[in-house]
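Novice: Sharing a structure with you now.
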Amino acid sequence: MVTKTALKPWPATLFAAFVLVLVSCAEVPVTGRNQLLLLSESDLNAMSFQGYRKFMATHPLSDDQQAAEMVRRVGRRIADAVERYLAARGKSHILQGYRWEFNLVEGKEMNAWCMPGGKVVVYTGLLPVVKNETGLAVVLGHEIAHAVARHGNERISQELALRLGGAALSTALSGASPVVAGILKQAYGLGADLGVLLPYSRVQETEADRLGLIFMAMAGYDPRAALDFWKRMLAAEKGPRPPELLSTHPSGRKRLENITRFLPEALKYYNGPVKPE
Ligand SMILES: [Zn+2]
């Protein structure tokens with residue numbers, strides 16, 4: 001993803017509201033990268049789901065039933081593959097409370113995004129670049145990767161740590177729950193922006209590219225299609241309306257290099273029974 005919205009200066013108290021449970025350190029599936037997660041997944045997901053519902057209530061779904069069905073089908077297929085992979089490794093808890101949803105929304109934006117807990121939106125403006133089911137799998141693999149790797153939680157946690165610092169953070173963590181609950185209500189009002197509030201970092205974007213290739217491959221989509229897809233995105237970038245999908249992402253050349261580098265790993269998942277890890 002994917003954002004045009006710069007980080008709004010949230011009051012520290014509002015950030016404190018998000019800190020309900022200290023989870024601290026976690027590990028990203030497959031890549032094994034350590035990450036700081038300060039927010040309770042269930043609280044974050046609850047906010048996310050509410051924000052997503054609000055967004056969906058105010059943005060029209062595409063009336064192209066066939067394309068909408070393709071978005072749902074591809075998304076579900078990749079999410080299922082990831083769930084099977086994690087279940088086989090006794091790690092289903094990672095996706096506990098996720099409620100996958102894949103919607104095609106009417107809009108000129110060449111864009112797609114995913115909110116915490118598995119709430120995905122693809123804009124119809126992206127379809128010409130996506131071109132076919134495998135192209136769509138590149139996009140959805142990437143967005144699903146952001147969700148599975150809990151990049152939203154991590155990003156907000158990083159901001160929290162940055163803004164509150166040690167002492168304020170520990171106060172917030174031990175804060176009286178009625179206060180937290182009150183502020184949380186306020187936070188719900190921001191729900192619609194939650195998915196686009198904090199741009200992902202380069203590290204997260206590159207990780208989503210790597211995991212996205214693996215996830216699409218697990219679902220039976222040829223990850224080599226990613227090179228063609230990103231080349232089409234780059235070509236679109238030179239057009240009159242640069243794709244939003246590129247705005248927060250690694251530069252085109254670098255991305256193609258990364259994808260070329262990540263492909264051999266992803267192809268192991270595509271080509272047959274994989275037992276990495
Ligand atoms: Zn992304």
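Please note that chains go A, B, ... in the order of the structure tokens, that every chain numbers its residues from 1, and that ligands are numbered from 1 in the order shown.
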I'd like a table as a tab-separated table: residues in range 92-154 of chain A with an atom no more than 10 Å from range 44-65 of chain A, each row giving the shortest atom pair and its distance in Å to one decimal, only C-alpha atoms counted, sorted by chain and rising residue number.

Specialist:
```
residue	atom	partner	partner_atom	distance
A:Gly97	CA	A:Asn45	CA	7.6
A:Tyr98	CA	A:Asn45	CA	7.5
A:Arg99	CA	A:Phe49	CA	8.5
A:Glu101	CA	A:Tyr52	CA	9.8
A:Asn103	CA	A:Leu61	CA	7.3
A:Leu104	CA	A:Ser62	CA	5.7
A:Val105	CA	A:Leu61	CA	4.4
A:Glu106	CA	A:Ser62	CA	4.7
A:Gly107	CA	A:Ser62	CA	8.4
A:Cys114	CA	A:Tyr52	CA	9.5
A:Met115	CA	A:Ser48	CA	6.3
A:Pro116	CA	A:Asn45	CA	5.8
A:Gly117	CA	A:Asn45	CA	5.2
A:Gly118	CA	A:Asn45	CA	8.7
A:Lys119	CA	A:Tyr52	CA	6.9
A:Val120	CA	A:Tyr52	CA	8.7
A:Val121	CA	A:Met56	CA	9.1
A:Val122	CA	A:Ser62	CA	9.8
A:Tyr123	CA	A:Ser62	CA	8.4
A:Thr124	CA	A:Ser62	CA	7.0
A:Gly152	CA	A:Leu44	CA	9.0
A:Asn153	CA	A:Leu44	CA	7.4
```

Novice: Those residues you just picked out, can you put them in a file as an mmCIF file, in the first residue's frame with C-alpha atoms?

Specialist:
```cif
data_model
loop_
_atom_site.group_PDB
_atom_site.id
_atom_site.type_symbol
_atom_site.label_atom_id
_atom_site.label_comp_id
_atom_site.auth_asym_id
_atom_site.auth_seq_id
_atom_site.Cartn_x
_atom_site.Cartn_y
_atom_site.Cartn_z
ATOM 1 C CA GLY A 97 -9.682 -12.937 14.923
ATOM 2 C CA TYR A 98 -8.967 -12.115 11.286
ATOM 3 C CA ARG A 99 -12.064 -11.616 9.144
ATOM 4 C CA GLU A 101 -12.941 -9.433 3.198
ATOM 5 C CA ASN A 103 -14.053 -5.751 -2.021
ATOM 6 C CA LEU A 104 -13.820 -4.060 -5.401
ATOM 7 C CA VAL A 105 -14.649 -0.380 -4.970
ATOM 8 C CA GLU A 106 -15.519 2.027 -7.748
ATOM 9 C CA GLY A 107 -12.771 4.623 -8.153
ATOM 10 C CA CYS A 114 -5.509 -3.644 3.507
ATOM 11 C CA MET A 115 -6.582 -2.742 7.010
ATOM 12 C CA PRO A 116 -5.550 -4.778 10.068
ATOM 13 C CA GLY A 117 -7.403 -8.059 10.471
ATOM 14 C CA GLY A 118 -7.703 -8.730 6.747
ATOM 15 C CA LYS A 119 -9.973 -6.010 5.337
ATOM 16 C CA VAL A 120 -8.946 -5.396 1.742
ATOM 17 C CA VAL A 121 -10.070 -2.901 -0.887
ATOM 18 C CA VAL A 122 -9.125 -2.872 -4.562
ATOM 19 C CA TYR A 123 -10.158 0.110 -6.705
ATOM 20 C CA THR A 124 -11.525 -0.445 -10.198
ATOM 21 C CA GLY A 152 -0.358 -1.878 10.769
ATOM 22 C CA ASN A 153 0.142 -2.791 14.415
#
```

Novice: For CA of Val71 in chain A and CA of Ser40 in chain A, determine how far apart the two atoms are, in Å to one decimal place.

Specialist: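 Computing the Euclidean distance for CA of Val71 in chain A and CA of Ser40 in chain A yields 29.1 Å.
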
Novice: Per residue of range 88-167 of chain A within 10 Å of range 211-220 of chain A, note the shortest atom pair and the distance in Å to one decimal, counting only C-alpha atoms, and order the rows by chain and increasing residue number, as a tab-separated table.

Specialist:
```
residue	atom	partner	partner_atom	distance
A:Thr134	CA	A:Met216	CA	8.5
A:Leu136	CA	A:Met216	CA	9.7
A:Ala137	CA	A:Met216	CA	5.9
A:Val138	CA	A:Met216	CA	6.7
A:Val139	CA	A:Gly212	CA	7.9
A:Leu140	CA	A:Gly212	CA	7.6
A:Gly141	CA	A:Gly212	CA	4.0
A:His142	CA	A:Gly212	CA	4.1
A:Glu143	CA	A:Gly212	CA	7.4
A:Ile144	CA	A:Gly212	CA	7.1
A:Ala145	CA	A:Gly212	CA	5.4
A:His146	CA	A:Gly212	CA	8.5
A:Val148	CA	A:Leu211	CA	9.2
A:Ala149	CA	A:Leu211	CA	8.7
```

Novice: Tell me which of A:Arg72, A:Leu38, A:Gly135, A:Pro29 sits closest to Leu86 in chain A, counting only C-alpha atoms.

Specialist: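 Of the candidates, the smallest distance to Leu86 in chain A is held by A:Pro29.
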
Novice: Taking only range 111-159 of chain A into account, list the residues labelled strand (DSSP E or B) by DSSP (computed from the backbone), as a VMD selection string.

Specialist: chain A and resid 112 to 115 119 to 123

Novice: Take the residues from that selection and put them in a file with N, CA, C and O atoms, as a PDB file, in the first residue's frame.

Specialist:
```
ATOM      1  N   ALA A 112      -4.779  -0.167  -4.056  1.00  0.00           N
ATOM      2  CA  ALA A 112      -5.377  -1.215  -3.233  1.00  0.00           C
ATOM      3  C   ALA A 112      -4.798  -1.040  -1.845  1.00  0.00           C
ATOM      4  O   ALA A 112      -3.703  -0.500  -1.694  1.00  0.00           O
ATOM      5  N   TRP A 113      -5.553  -1.460  -0.819  1.00  0.00           N
ATOM      6  CA  TRP A 113      -5.008  -1.394   0.531  1.00  0.00           C
ATOM      7  C   TRP A 113      -5.633  -2.470   1.413  1.00  0.00           C
ATOM      8  O   TRP A 113      -6.627  -3.096   1.040  1.00  0.00           O
ATOM      9  N   CYS A 114      -5.015  -2.640   2.575  1.00  0.00           N
ATOM     10  CA  CYS A 114      -5.509  -3.644   3.507  1.00  0.00           C
ATOM     11  C   CYS A 114      -5.462  -3.070   4.905  1.00  0.00           C
ATOM     12  O   CYS A 114      -4.453  -2.508   5.313  1.00  0.00           O
ATOM     13  N   MET A 115      -6.570  -3.174   5.621  1.00  0.00           N
ATOM     14  CA  MET A 115      -6.582  -2.742   7.010  1.00  0.00           C
ATOM     15  C   MET A 115      -6.315  -3.941   7.917  1.00  0.00           C
ATOM     16  O   MET A 115      -6.501  -5.089   7.516  1.00  0.00           O
ATOM     17  N   LYS A 119      -8.950  -6.739   6.097  1.00  0.00           N
ATOM     18  CA  LYS A 119      -9.973  -6.010   5.337  1.00  0.00           C
ATOM     19  C   LYS A 119      -9.333  -5.317   4.136  1.00  0.00           C
ATOM     20  O   LYS A 119      -8.595  -4.338   4.280  1.00  0.00           O
ATOM     21  N   VAL A 120      -9.648  -5.836   2.952  1.00  0.00           N
ATOM     22  CA  VAL A 120      -8.946  -5.396   1.742  1.00  0.00           C
ATOM     23  C   VAL A 120      -9.888  -4.642   0.809  1.00  0.00           C
ATOM     24  O   VAL A 120     -11.067  -4.978   0.692  1.00  0.00           O
ATOM     25  N   VAL A 121      -9.348  -3.622   0.164  1.00  0.00           N
ATOM     26  CA  VAL A 121     -10.070  -2.901  -0.887  1.00  0.00           C
ATOM     27  C   VAL A 121      -9.187  -2.819  -2.129  1.00  0.00           C
ATOM     28  O   VAL A 121      -7.987  -2.526  -2.032  1.00  0.00           O
ATOM     29  N   VAL A 122      -9.784  -3.106  -3.276  1.00  0.00           N
ATOM     30  CA  VAL A 122      -9.125  -2.872  -4.562  1.00  0.00           C
ATOM     31  C   VAL A 122      -9.999  -1.873  -5.311  1.00  0.00           C
ATOM     32  O   VAL A 122     -11.224  -1.993  -5.299  1.00  0.00           O
ATOM     33  N   TYR A 123      -9.389  -0.862  -5.921  1.00  0.00           N
ATOM     34  CA  TYR A 123     -10.158   0.110  -6.705  1.00  0.00           C
ATOM     35  C   TYR A 123     -10.225  -0.346  -8.160  1.00  0.00           C
ATOM     36  O   TYR A 123      -9.262  -0.922  -8.686  1.00  0.00           O
TER      37      TYR A 123
END
```

Novice: Nearest residue to Met233 in chain A out of A:Thr206, A:Thr31, A:Asn111, A:Thr260, using only C-alpha atoms?

Specialist: A:Asn111

Novice: As an exercise, work out the distance from CA of Phe229 in chain A to CA of Arg84 in chain A in Å and give it to one decimal place.

Specialist: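 Between these atoms lies a distance of 26.3 Å.
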
Novice: For CA of Met70 in chain A and CA of Glu133 in chain A, determine how far apart the two atoms are, in Å to one decimal place.

Specialist: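 Separation between CA of Met70 in chain A and CA of Glu133 in chain A: 7.1 Å.
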
Novice: With a distance cut-off of 7 Å and only C-alpha atoms, select the neighbouring residues of Leu234 in chain A, excluding the residue or stretch itself and same-chain residues fewer than 4 positions from it, and output the selection as a short mmCIF file (atom, residue, chain, number, x, y, z; two decimals) with all heavy atoms, in the first residue's frame.

Specialist:
```
data_model
loop_
_atom_site.label_atom_id
_atom_site.label_comp_id
_atom_site.auth_asym_id
_atom_site.auth_seq_id
_atom_site.Cartn_x
_atom_site.Cartn_y
_atom_site.Cartn_z
N TRP A 230 4.60 -5.34 -12.13
CA TRP A 230 5.26 -4.11 -11.66
C TRP A 230 5.82 -3.30 -12.82
O TRP A 230 5.90 -2.08 -12.75
CB TRP A 230 6.32 -4.42 -10.60
CG TRP A 230 5.67 -4.80 -9.30
CD1 TRP A 230 5.66 -6.04 -8.72
CD2 TRP A 230 4.89 -3.96 -8.43
NE1 TRP A 230 4.92 -6.01 -7.55
CE2 TRP A 230 4.44 -4.75 -7.35
CE3 TRP A 230 4.51 -2.60 -8.47
CZ2 TRP A 230 3.65 -4.24 -6.32
CZ3 TRP A 230 3.73 -2.10 -7.44
CH2 TRP A 230 3.31 -2.91 -6.38
N LYS A 238 4.34 6.69 -15.66
CA LYS A 238 4.76 7.74 -16.59
C LYS A 238 3.55 8.40 -17.23
O LYS A 238 3.68 9.37 -17.96
CB LYS A 238 5.68 7.15 -17.66
CG LYS A 238 6.98 6.62 -17.06
CD LYS A 238 7.99 6.19 -18.12
CE LYS A 238 9.27 5.70 -17.47
NZ LYS A 238 9.19 4.28 -17.06
N GLY A 252 10.79 2.02 -8.53
CA GLY A 252 10.49 0.95 -9.47
C GLY A 252 11.65 0.01 -9.75
O GLY A 252 11.51 -1.20 -9.67
#
```
